[in-house]
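What follows is a set of notes on a single structure, which appears directly below.
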Amino acid sequence: MAEENQYDVIIIGSGPGGYVAAIRAAQLGLKTAIVEELELGGVCLNRGCVPTKALIHVSRELNALKDADAFGVTAGSVTLDEAKMDDFKKSVVDTQTSGVGFLMKSNKIDVYHAHATITGAQTVALEAREGDMSGALDVPAQITASKGIVIATGAVPVMIPIPGIEYCVSSDDLLEGKERPEFESITIIGGGVIGVELATFYAGIGKQVTLVEALDRVLAKIEKDASTAIVQQLKAQGASVNAKSSVQRVEKLEDGRLRTVFTDKKGKEQSADSDYVLCAVGRKANIDGLFAEGMSVETDRGGIVVNDKYETSVPGIWAIGDVHSGSSQLAHAASFEAEQAVEEIAGGSVRERDQQAIPAVVYTWPEYAHVGMTEEEAKAAGHDVLTGKFPLGGNAMAVVEQSGRSFMKTIFDAETEELLGVTMLANRASDMIDESTMAIANHMTFDQMLRGMRPHPTYMEGFTEALLAAKGEAIHMAPAKK
């Protein structure tokens, strides 16, 4: 085999796991190749995190202008040009993906635009894909990796097996950049993060939104009081939210619209007519066609099984991000895992990383962010807990920005007073959670969290109050009734 087709490490997939793995490998002096079947940046940059947040930003700005009169600002007639909105989304995506291309080039990483099939512990067969990918090389039939293959192929949407599912679209379909006619209404099947974020966006730009969730509540994995507040906000935006409701079928009507038929929490059949139906019930590991016949790794629930170092059942093959069975399906977790896996492959020192300190964010209005344990998880783990909750109605910045129903909550171990978890429902919670992430990673205690001051007026003053509330010492909150 030609020397140029021989590498130390081959990365399959170029999302936040794949491209970070490739860069870290190059930094460690490993000759690295990355194989991408679609676009550099993967789902996150092209059809997931980034375009979703660009659209949510537009809807927030639109509503800020509509509400400006309450603050004494006359903005006149405010309208939305959806074509320009899509152009903005595309410009954001293009900026990010071109940035990944630049990083590949500047780190001297070979890029192949191809489908990869793992044929052995050190060999990958390539099949060229059509279309231009900036910086991609001519595609050989096979490349080899002497030290490791890293699978970072991510996940794909799950489409539930109901009659009429062929009429539905996935989040990838909505966000991948293809032009779609303007529409006025959408039904969203699934009240998880993807469904709720897209419901927030569409309701925010004035679309008629119907959200249908099979579980007892929307965003069932987050704390109930935060979930309740988010649902109230969606309803205030005009969305219809139906929890504990099971979709039975989707029918195409004579006028081309779609009817979603579901049973509600009382078992009664209901229906919602809309222009589009989005199926957002989750994602599954993207491993179809990844392994050649006779070559496989252990899987569980459709995902690849890995050890605590992200190595699969086949020595020399690693899996990071959404593709493995224990994945949190968070982009930043994939990047986190990428660095650890590649450092293991390189055989040098591996930076210590705390798996409890992985923040999760839902980009609603206001934003939800959490890191560490919830109160229920802490108790289940055997902790006696101290909890502090501060409603931000008493916070000056929350009043200034009219942030609505929002709060901050802290969870401590009652004996050691170590911080175990933090929940925030507030504007910019996605940025503010960082302090708590570092605190949990470094096992900080109640007293340590209060050694520094937080500026006034800011939302983070509310975090100080949430810390103090764990011991009944909050300043800007009435004492609990005895």
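Every chain in the structure tokens has a letter given in the order shown (A, B, ...), and although residue numbers restart at 1 in each chain, ligands are simply numbered from 1 in the order shown.
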
For Ile56 (chain A), work out the shell of residues within 12 Å, counting only C-alpha atoms and skipping chain neighbours fewer than 5 positions away, then give it as a tab-separated table (two decimals) with N, CA, C and O atoms, in the first residue's frame.
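In the end it all went to result.tsv:
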```tsv
chain	number	residue	atom	x	y	z
A	49	CYS	N	-27.41	21.30	16.27
A	49	CYS	CA	-27.21	22.34	17.29
A	49	CYS	C	-27.13	23.74	16.70
A	49	CYS	O	-27.85	24.65	17.13
A	50	VAL	N	-26.26	23.94	15.74
A	50	VAL	CA	-25.96	25.29	15.26
A	50	VAL	C	-27.12	25.92	14.50
A	50	VAL	O	-27.54	27.03	14.82
A	51	PRO	N	-27.68	25.26	13.47
A	51	PRO	CA	-28.82	25.89	12.79
A	51	PRO	C	-30.02	26.11	13.69
A	51	PRO	O	-30.73	27.11	13.56
A	61	GLU	N	-35.18	37.61	18.71
A	61	GLU	CA	-35.02	39.00	18.27
A	61	GLU	C	-36.35	39.54	17.73
A	61	GLU	O	-36.70	40.70	17.97
A	62	LEU	N	-37.06	38.70	17.00
A	62	LEU	CA	-38.37	39.09	16.46
A	62	LEU	C	-39.31	39.47	17.59
A	62	LEU	O	-39.98	40.52	17.55
A	63	ASN	N	-39.38	38.65	18.61
A	63	ASN	CA	-40.30	38.92	19.71
A	63	ASN	C	-39.85	40.10	20.56
A	63	ASN	O	-40.68	40.83	21.12
A	85	MET	N	-34.23	34.85	6.73
A	85	MET	CA	-33.94	34.07	7.93
A	85	MET	C	-33.15	32.81	7.56
A	85	MET	O	-32.15	32.47	8.22
A	86	ASP	N	-33.59	32.12	6.51
A	86	ASP	CA	-32.88	30.92	6.07
A	86	ASP	C	-31.48	31.25	5.57
A	86	ASP	O	-30.53	30.49	5.77
A	88	PHE	N	-29.65	33.69	6.71
A	88	PHE	CA	-28.85	33.92	7.92
A	88	PHE	C	-28.42	32.58	8.53
A	88	PHE	O	-27.25	32.40	8.89
A	89	LYS	N	-29.35	31.66	8.65
A	89	LYS	CA	-29.02	30.33	9.19
A	89	LYS	C	-27.92	29.69	8.37
A	89	LYS	O	-26.94	29.14	8.92
A	196	VAL	N	-38.91	20.18	21.72
A	196	VAL	CA	-39.24	21.40	22.47
A	196	VAL	C	-38.49	22.61	21.91
A	196	VAL	O	-39.05	23.71	21.82
A	197	GLU	N	-37.23	22.44	21.53
A	197	GLU	CA	-36.49	23.57	20.96
A	197	GLU	C	-37.12	24.03	19.64
A	197	GLU	O	-37.27	25.24	19.40
A	198	LEU	N	-37.52	23.09	18.80
A	198	LEU	CA	-38.15	23.48	17.53
A	198	LEU	C	-39.55	24.04	17.77
A	198	LEU	O	-39.99	24.95	17.05
A	199	ALA	N	-40.26	23.52	18.77
A	199	ALA	CA	-41.55	24.11	19.13
A	199	ALA	C	-41.37	25.55	19.59
A	199	ALA	O	-42.16	26.44	19.24
A	200	THR	N	-40.33	25.81	20.37
A	200	THR	CA	-40.02	27.16	20.83
A	200	THR	C	-39.78	28.09	19.65
A	200	THR	O	-40.29	29.22	19.60
A	201	PHE	N	-39.00	27.62	18.69
A	201	PHE	CA	-38.71	28.44	17.51
A	201	PHE	C	-39.97	28.72	16.70
A	201	PHE	O	-40.29	29.88	16.39
A	202	TYR	N	-40.69	27.66	16.33
A	202	TYR	CA	-41.84	27.85	15.44
A	202	TYR	C	-42.94	28.67	16.10
A	202	TYR	O	-43.54	29.55	15.47
A	203	ALA	N	-43.20	28.43	17.38
A	203	ALA	CA	-44.20	29.25	18.07
A	203	ALA	C	-43.72	30.70	18.15
A	203	ALA	O	-44.53	31.63	18.03
A	204	GLY	N	-42.41	30.87	18.31
A	204	GLY	CA	-41.85	32.21	18.41
A	204	GLY	C	-41.97	33.03	17.14
A	204	GLY	O	-41.97	34.27	17.20
A	205	ILE	N	-42.06	32.37	15.98
A	205	ILE	CA	-42.23	33.13	14.73
A	205	ILE	C	-43.68	33.11	14.25
A	205	ILE	O	-43.97	33.46	13.10
A	362	VAL	N	-31.14	23.21	27.40
A	362	VAL	CA	-32.27	23.24	26.47
A	362	VAL	C	-32.52	24.71	26.15
A	362	VAL	O	-32.73	25.52	27.06
A	363	TYR	N	-32.50	25.05	24.86
A	363	TYR	CA	-32.57	26.46	24.46
A	363	TYR	C	-34.02	26.92	24.29
A	363	TYR	O	-34.49	27.20	23.19
A	364	THR	N	-34.70	26.97	25.42
A	364	THR	CA	-36.07	27.46	25.46
A	364	THR	C	-36.06	28.92	25.89
A	364	THR	O	-35.00	29.55	26.01
A	365	TRP	N	-37.25	29.48	26.14
A	365	TRP	CA	-37.35	30.85	26.68
A	365	TRP	C	-37.98	30.75	28.07
A	365	TRP	O	-39.18	30.44	28.14
A	366	PRO	N	-37.31	31.02	29.16
A	366	PRO	CA	-35.86	31.19	29.24
A	366	PRO	C	-35.13	29.86	29.07
A	366	PRO	O	-35.75	28.80	29.01
A	367	GLU	N	-33.81	29.92	29.01
A	367	GLU	CA	-33.01	28.72	28.81
A	367	GLU	C	-32.98	27.85	30.07
A	367	GLU	O	-33.04	28.35	31.20
```

- Contacts of region 277-291 of chain A within 8 Å, only C-alpha atoms, excl. fewer than 5 positions in-chain, as a PyMOL selection string: chain A and resi 116-119+153-160+167-171+186-192+194-195+258+260+296+302-304+322-325

- When you draw a straight line from CA of Val399 (chain A) to CA of Arg428 (chain A), how long is it in Å? 14.4 Å

- Message: My list of candidates is A:Val139, A:Met408, A:Leu28, A:Val305. Which is closest to Gly393 (chain A) when distances are computed with only C-alpha atoms?
- Response: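 Nearest to Gly393 (chain A): A:Met408.
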
- Note on the structure: If you count only C-alpha atoms, the residue of A:Gln27, A:Ser14, A:Ser274, A:Ser240 closest to Arg257 (chain A) turns out to be A:Ser274

- Message: Ranking A:Gln122, A:Gln237, A:Gln340, A:Gln232 by minimum distance to Ile320 (chain A) and counting only C-alpha atoms, which one comes first?
- Response: A:Gln340

- Message: Just list as number ranges by chain whatever in region 306-390 of chain A DSSP marks as strand (DSSP E).
- Response: A: 317-319, 360-362, 367-372, 385-390

Name all residues at most 10 Å from Gly267 (chain A) (count only C-alpha atoms; drop same-chain ones fewer than 5 positions away) and give them as a short mmCIF file (atom, residue, chain, number, x, y, z; two decimals) with all heavy atoms, in the first residue's frame.
```
data_model
loop_
_atom_site.label_atom_id
_atom_site.label_comp_id
_atom_site.auth_asym_id
_atom_site.auth_seq_id
_atom_site.Cartn_x
_atom_site.Cartn_y
_atom_site.Cartn_z
N LYS A 244 -48.63 12.77 27.82
CA LYS A 244 -49.29 11.50 28.05
C LYS A 244 -50.28 11.20 26.92
O LYS A 244 -51.39 10.74 27.13
CB LYS A 244 -50.01 11.50 29.41
CG LYS A 244 -50.14 10.11 30.03
CD LYS A 244 -50.69 10.17 31.44
CE LYS A 244 -50.77 8.79 32.05
NZ LYS A 244 -51.30 8.81 33.43
N SER A 245 -49.82 11.47 25.70
CA SER A 245 -50.67 11.30 24.51
C SER A 245 -49.90 10.47 23.48
O SER A 245 -48.74 10.76 23.19
CB SER A 245 -51.04 12.66 23.92
OG SER A 245 -51.80 13.42 24.85
N SER A 246 -50.55 9.48 22.95
CA SER A 246 -49.89 8.52 22.05
C SER A 246 -50.40 8.69 20.61
O SER A 246 -51.60 8.58 20.34
CB SER A 246 -50.17 7.10 22.53
OG SER A 246 -49.60 6.16 21.67
N PHE A 262 -54.17 11.12 17.69
CA PHE A 262 -53.54 10.62 18.91
C PHE A 262 -54.58 10.43 20.01
O PHE A 262 -55.65 11.05 19.98
CB PHE A 262 -52.43 11.57 19.39
CG PHE A 262 -52.90 12.98 19.68
CD1 PHE A 262 -53.25 13.37 20.97
CD2 PHE A 262 -52.97 13.94 18.67
CE1 PHE A 262 -53.66 14.67 21.25
CE2 PHE A 262 -53.39 15.24 18.93
CZ PHE A 262 -53.73 15.61 20.22
#
```

- Task: In Å, rounded to a single decimal, give me how far CA of Gly15 (chain A) is from CA of Arg301 (chain A).
- Result: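 Computing it gives 22.1 Å between the two atoms.
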
- Item | Å distance separating CA of Ala469 (chain A) from CA of Glu418 (chain A), one decimal place | 14.9 Å

Which residues are near Ala152 (chain A)? Cut-off 12 Å, only C-alpha atoms, ignore same chain within fewer than 4 positions. Put them as a short mmCIF file (atom, residue, chain, number, x, y, z; two decimals) with N, CA, C and O atoms, in the first residue's frame.
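Listing of selection-v6.cif after writing:
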```cif
data_model
loop_
_atom_site.label_atom_id
_atom_site.label_comp_id
_atom_site.auth_asym_id
_atom_site.auth_seq_id
_atom_site.Cartn_x
_atom_site.Cartn_y
_atom_site.Cartn_z
N ILE A 10 -7.18 6.91 12.10
CA ILE A 10 -8.25 7.26 11.16
C ILE A 10 -9.49 7.60 11.97
O ILE A 10 -9.91 6.82 12.84
N ILE A 11 -10.06 8.75 11.70
CA ILE A 11 -11.30 9.18 12.35
C ILE A 11 -12.43 9.06 11.34
O ILE A 11 -12.33 9.61 10.23
N ILE A 12 -13.51 8.40 11.70
CA ILE A 12 -14.66 8.28 10.80
C ILE A 12 -15.78 9.15 11.34
O ILE A 12 -16.36 8.89 12.40
N GLY A 13 -16.08 10.24 10.63
CA GLY A 13 -17.06 11.21 11.06
C GLY A 13 -16.40 12.50 11.49
O GLY A 13 -15.36 12.49 12.15
N SER A 14 -17.00 13.64 11.12
CA SER A 14 -16.33 14.94 11.36
C SER A 14 -17.17 15.90 12.18
O SER A 14 -17.03 17.11 12.06
N GLY A 15 -18.07 15.36 13.03
CA GLY A 15 -18.82 16.22 13.94
C GLY A 15 -17.96 16.69 15.10
O GLY A 15 -16.73 16.56 15.06
N PRO A 16 -18.57 17.21 16.16
CA PRO A 16 -17.80 17.73 17.29
C PRO A 16 -16.93 16.66 17.98
O PRO A 16 -15.97 17.01 18.66
N GLY A 17 -17.27 15.39 17.82
CA GLY A 17 -16.40 14.33 18.29
C GLY A 17 -15.27 14.08 17.30
O GLY A 17 -14.09 14.07 17.66
N GLY A 18 -15.62 13.89 16.04
CA GLY A 18 -14.64 13.52 15.02
C GLY A 18 -13.59 14.58 14.75
O GLY A 18 -12.39 14.30 14.75
N TYR A 19 -14.02 15.82 14.53
CA TYR A 19 -13.00 16.81 14.16
C TYR A 19 -12.11 17.17 15.35
O TYR A 19 -10.92 17.46 15.18
N VAL A 20 -12.68 17.13 16.57
CA VAL A 20 -11.85 17.37 17.76
C VAL A 20 -10.84 16.23 17.94
O VAL A 20 -9.67 16.48 18.26
N ALA A 21 -11.28 14.99 17.72
CA ALA A 21 -10.35 13.86 17.80
C ALA A 21 -9.22 14.01 16.80
O ALA A 21 -8.05 13.75 17.11
N ALA A 22 -9.55 14.44 15.60
CA ALA A 22 -8.53 14.60 14.56
C ALA A 22 -7.52 15.68 14.94
O ALA A 22 -6.30 15.50 14.79
N ILE A 34 -9.25 11.93 8.32
CA ILE A 34 -10.65 11.98 8.72
C ILE A 34 -11.51 11.69 7.50
O ILE A 34 -11.25 12.19 6.40
N VAL A 35 -12.52 10.83 7.69
CA VAL A 35 -13.41 10.44 6.59
C VAL A 35 -14.81 10.95 6.91
O VAL A 35 -15.35 10.65 7.98
N GLU A 36 -15.39 11.70 5.98
CA GLU A 36 -16.73 12.25 6.16
C GLU A 36 -17.57 11.98 4.93
O GLU A 36 -17.17 12.31 3.81
N GLU A 37 -18.74 11.40 5.15
CA GLU A 37 -19.62 11.03 4.04
C GLU A 37 -20.44 12.21 3.54
O GLU A 37 -20.76 12.29 2.35
N GLY A 41 -18.19 18.91 9.82
CA GLY A 41 -18.95 19.46 10.94
C GLY A 41 -20.06 18.55 11.41
O GLY A 41 -20.61 18.75 12.50
N GLY A 42 -20.42 17.55 10.60
CA GLY A 42 -21.42 16.59 11.01
C GLY A 42 -22.80 17.18 11.22
O GLY A 42 -23.11 18.29 10.79
N VAL A 43 -23.64 16.41 11.92
CA VAL A 43 -25.03 16.82 12.17
C VAL A 43 -25.07 18.12 12.96
O VAL A 43 -25.84 19.03 12.66
N ALA A 116 -17.08 5.26 4.69
CA ALA A 116 -16.07 4.39 5.26
C ALA A 116 -16.69 3.06 5.70
O ALA A 116 -17.76 3.05 6.31
N ALA A 285 -27.89 5.34 17.09
CA ALA A 285 -26.51 5.30 16.61
C ALA A 285 -26.45 5.05 15.11
O ALA A 285 -27.17 4.21 14.57
N ASN A 286 -25.59 5.78 14.45
CA ASN A 286 -25.43 5.71 13.00
C ASN A 286 -24.35 4.68 12.65
O ASN A 286 -23.18 5.03 12.47
N ILE A 287 -24.74 3.41 12.59
CA ILE A 287 -23.75 2.36 12.31
C ILE A 287 -24.13 1.49 11.13
O ILE A 287 -23.38 0.56 10.79
N LEU A 290 -21.45 0.39 8.42
CA LEU A 290 -20.14 0.80 8.92
C LEU A 290 -19.13 -0.34 8.93
O LEU A 290 -17.93 -0.12 8.77
N GLY A 303 -26.40 0.72 20.02
CA GLY A 303 -25.19 1.51 20.09
C GLY A 303 -23.97 0.64 20.35
O GLY A 303 -24.08 -0.50 20.81
N ILE A 304 -22.80 1.16 20.06
CA ILE A 304 -21.55 0.41 20.24
C ILE A 304 -21.15 0.41 21.71
O ILE A 304 -21.14 1.46 22.36
N TYR A 310 -13.33 4.33 26.13
CA TYR A 310 -14.03 4.45 24.84
C TYR A 310 -13.50 3.47 23.79
O TYR A 310 -13.74 3.65 22.60
N ILE A 317 -10.00 -0.28 18.03
CA ILE A 317 -11.15 0.45 17.48
C ILE A 317 -11.88 1.13 18.64
O ILE A 317 -12.22 0.48 19.63
N TRP A 318 -12.11 2.41 18.50
CA TRP A 318 -12.69 3.23 19.56
C TRP A 318 -13.99 3.85 19.05
O TRP A 318 -14.19 3.99 17.84
N ALA A 319 -14.87 4.22 19.96
CA ALA A 319 -16.13 4.87 19.57
C ALA A 319 -16.44 5.99 20.54
O ALA A 319 -16.40 5.79 21.76
N ILE A 320 -16.75 7.16 20.02
CA ILE A 320 -17.02 8.33 20.85
C ILE A 320 -18.31 9.01 20.41
O ILE A 320 -18.77 8.86 19.28
N GLY A 321 -18.90 9.76 21.33
CA GLY A 321 -20.09 10.54 20.99
C GLY A 321 -21.35 9.72 20.89
O GLY A 321 -21.50 8.67 21.52
N ASP A 322 -22.28 10.17 20.07
CA ASP A 322 -23.62 9.59 20.01
C ASP A 322 -23.66 8.15 19.55
O ASP A 322 -24.67 7.47 19.73
N VAL A 323 -22.58 7.66 18.95
CA VAL A 323 -22.60 6.33 18.37
C VAL A 323 -22.45 5.22 19.41
O VAL A 323 -22.79 4.06 19.14
N HIS A 324 -22.00 5.53 20.62
CA HIS A 324 -21.84 4.45 21.60
C HIS A 324 -23.06 4.36 22.52
O HIS A 324 -23.82 5.32 22.70
N SER A 327 -23.95 6.95 25.43
CA SER A 327 -23.83 8.37 25.07
C SER A 327 -24.91 9.24 25.71
O SER A 327 -26.06 8.83 25.84
N GLN A 329 -25.59 12.00 24.18
CA GLN A 329 -26.01 12.70 22.97
C GLN A 329 -25.87 14.22 23.12
O GLN A 329 -26.74 14.99 22.72
N ALA A 331 -23.09 17.34 22.19
CA ALA A 331 -21.93 17.63 21.34
C ALA A 331 -20.67 17.84 22.16
O ALA A 331 -19.59 17.35 21.82
N ALA A 334 -19.19 14.66 23.34
CA ALA A 334 -18.45 13.98 22.27
C ALA A 334 -17.04 14.55 22.13
O ALA A 334 -16.07 13.80 21.96
N SER A 335 -16.92 15.86 22.21
CA SER A 335 -15.59 16.49 22.14
C SER A 335 -14.73 16.08 23.33
O SER A 335 -13.53 15.81 23.19
N GLU A 337 -14.99 13.29 25.06
CA GLU A 337 -14.59 11.90 24.87
C GLU A 337 -13.52 11.77 23.79
O GLU A 337 -12.63 10.90 23.89
N ALA A 338 -13.59 12.62 22.77
CA ALA A 338 -12.62 12.58 21.68
C ALA A 338 -11.20 12.78 22.18
O ALA A 338 -10.28 12.04 21.82
N ALA A 341 -10.04 9.69 24.27
CA ALA A 341 -9.76 8.52 23.45
C ALA A 341 -8.44 8.67 22.70
O ALA A 341 -7.61 7.75 22.68
#
```

- Message: Applying 12 Å and only C-alpha atoms, which residues near Glu39 (chain A) remain after dropping the ones on its own chain fewer than 6 positions away? List them as JSON, numbers by chain.
- Response: {"A": [13, 14, 15, 19, 45, 46, 47, 93, 94, 96, 97, 98, 100, 101, 111, 112, 113, 114, 115, 129, 130, 131, 132, 133, 134, 135, 136, 153, 176]}

- Task: Run DSSP on the backbone and give me the residues of region 185-235 of chain A it puts in alpha helix (DSSP H), as a PyMOL selection string.
- Result: chain A and resi 193-204+224-235

- Query: Got a sec: who's within 12 Å of Arg451 (chain A), counting only C-alpha atoms, leaving out chain neighbours fewer than 6 positions off, as a PyMOL selection string?
  - Reply: chain A and resi 444-445+464+467

- Rank nothing, just name the residue among A:Arg249, A:Lys409, A:Arg259, A:Arg353 nearest to Pro161 (chain A), using only C-alpha atoms.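 Closest residue, counting only C-alpha atoms: A:Arg249.
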
- Message: as an MDAnalysis selection string, please: the residues near region 456-463 of chain A (cut-off 8 Å, only C-alpha atoms, same-chain neighbours under 5 positions excluded).
- Response: chainID A and resid 390:392 395:398 407:409 426 432

Take the residues just selected and output them with N, CA, C and O atoms as a CSV table (one decimal), in the first residue's frame.
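This is the output file out.csv:
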```
chain,number,residue,atom,x,y,z
A,390,PHE,N,-33.9,29.7,44.5
A,390,PHE,CA,-34.2,31.1,44.5
A,390,PHE,C,-35.0,31.5,43.2
A,390,PHE,O,-34.5,31.5,42.1
A,391,PRO,N,-36.3,31.9,43.4
A,391,PRO,CA,-37.0,32.4,42.2
A,391,PRO,C,-36.5,33.8,41.8
A,391,PRO,O,-36.2,34.7,42.6
A,392,LEU,N,-36.2,33.9,40.5
A,392,LEU,CA,-35.6,35.1,40.0
A,392,LEU,C,-36.5,36.3,39.9
A,392,LEU,O,-36.1,37.4,39.4
A,395,ASN,N,-34.8,39.2,41.4
A,395,ASN,CA,-33.5,39.5,40.9
A,395,ASN,C,-33.6,40.7,39.9
A,395,ASN,O,-34.4,40.7,39.0
A,396,ALA,N,-32.8,41.7,40.1
A,396,ALA,CA,-33.0,43.0,39.4
A,396,ALA,C,-32.8,42.8,37.9
A,396,ALA,O,-33.6,43.3,37.1
A,397,MET,N,-31.8,42.0,37.4
A,397,MET,CA,-31.6,41.8,36.0
A,397,MET,C,-32.8,41.0,35.4
A,397,MET,O,-33.2,41.3,34.2
A,398,ALA,N,-33.3,40.0,36.1
A,398,ALA,CA,-34.5,39.3,35.6
A,398,ALA,C,-35.7,40.2,35.4
A,398,ALA,O,-36.4,40.0,34.5
A,407,PHE,N,-35.7,30.5,37.7
A,407,PHE,CA,-35.2,30.2,39.1
A,407,PHE,C,-33.8,29.6,39.0
A,407,PHE,O,-33.4,29.2,37.9
A,408,MET,N,-33.1,29.5,40.1
A,408,MET,CA,-31.9,28.8,40.2
A,408,MET,C,-32.0,27.9,41.4
A,408,MET,O,-32.5,28.3,42.4
A,409,LYS,N,-31.4,26.7,41.3
A,409,LYS,CA,-31.5,25.7,42.4
A,409,LYS,C,-30.1,25.0,42.6
A,409,LYS,O,-29.4,24.7,41.6
A,426,ALA,N,-33.2,30.4,33.2
A,426,ALA,CA,-33.0,31.8,33.2
A,426,ALA,C,-32.4,32.2,31.8
A,426,ALA,O,-31.8,31.3,31.1
A,432,MET,N,-24.1,30.8,32.0
A,432,MET,CA,-23.9,30.9,33.5
A,432,MET,C,-23.6,29.5,34.1
A,432,MET,O,-23.1,29.5,35.2
```

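Nearest to Leu468 (chain A) of all the residues A:Ile230, A:Val342, A:Ala272, A:Leu450 is A:Leu450, based on only C-alpha atoms.
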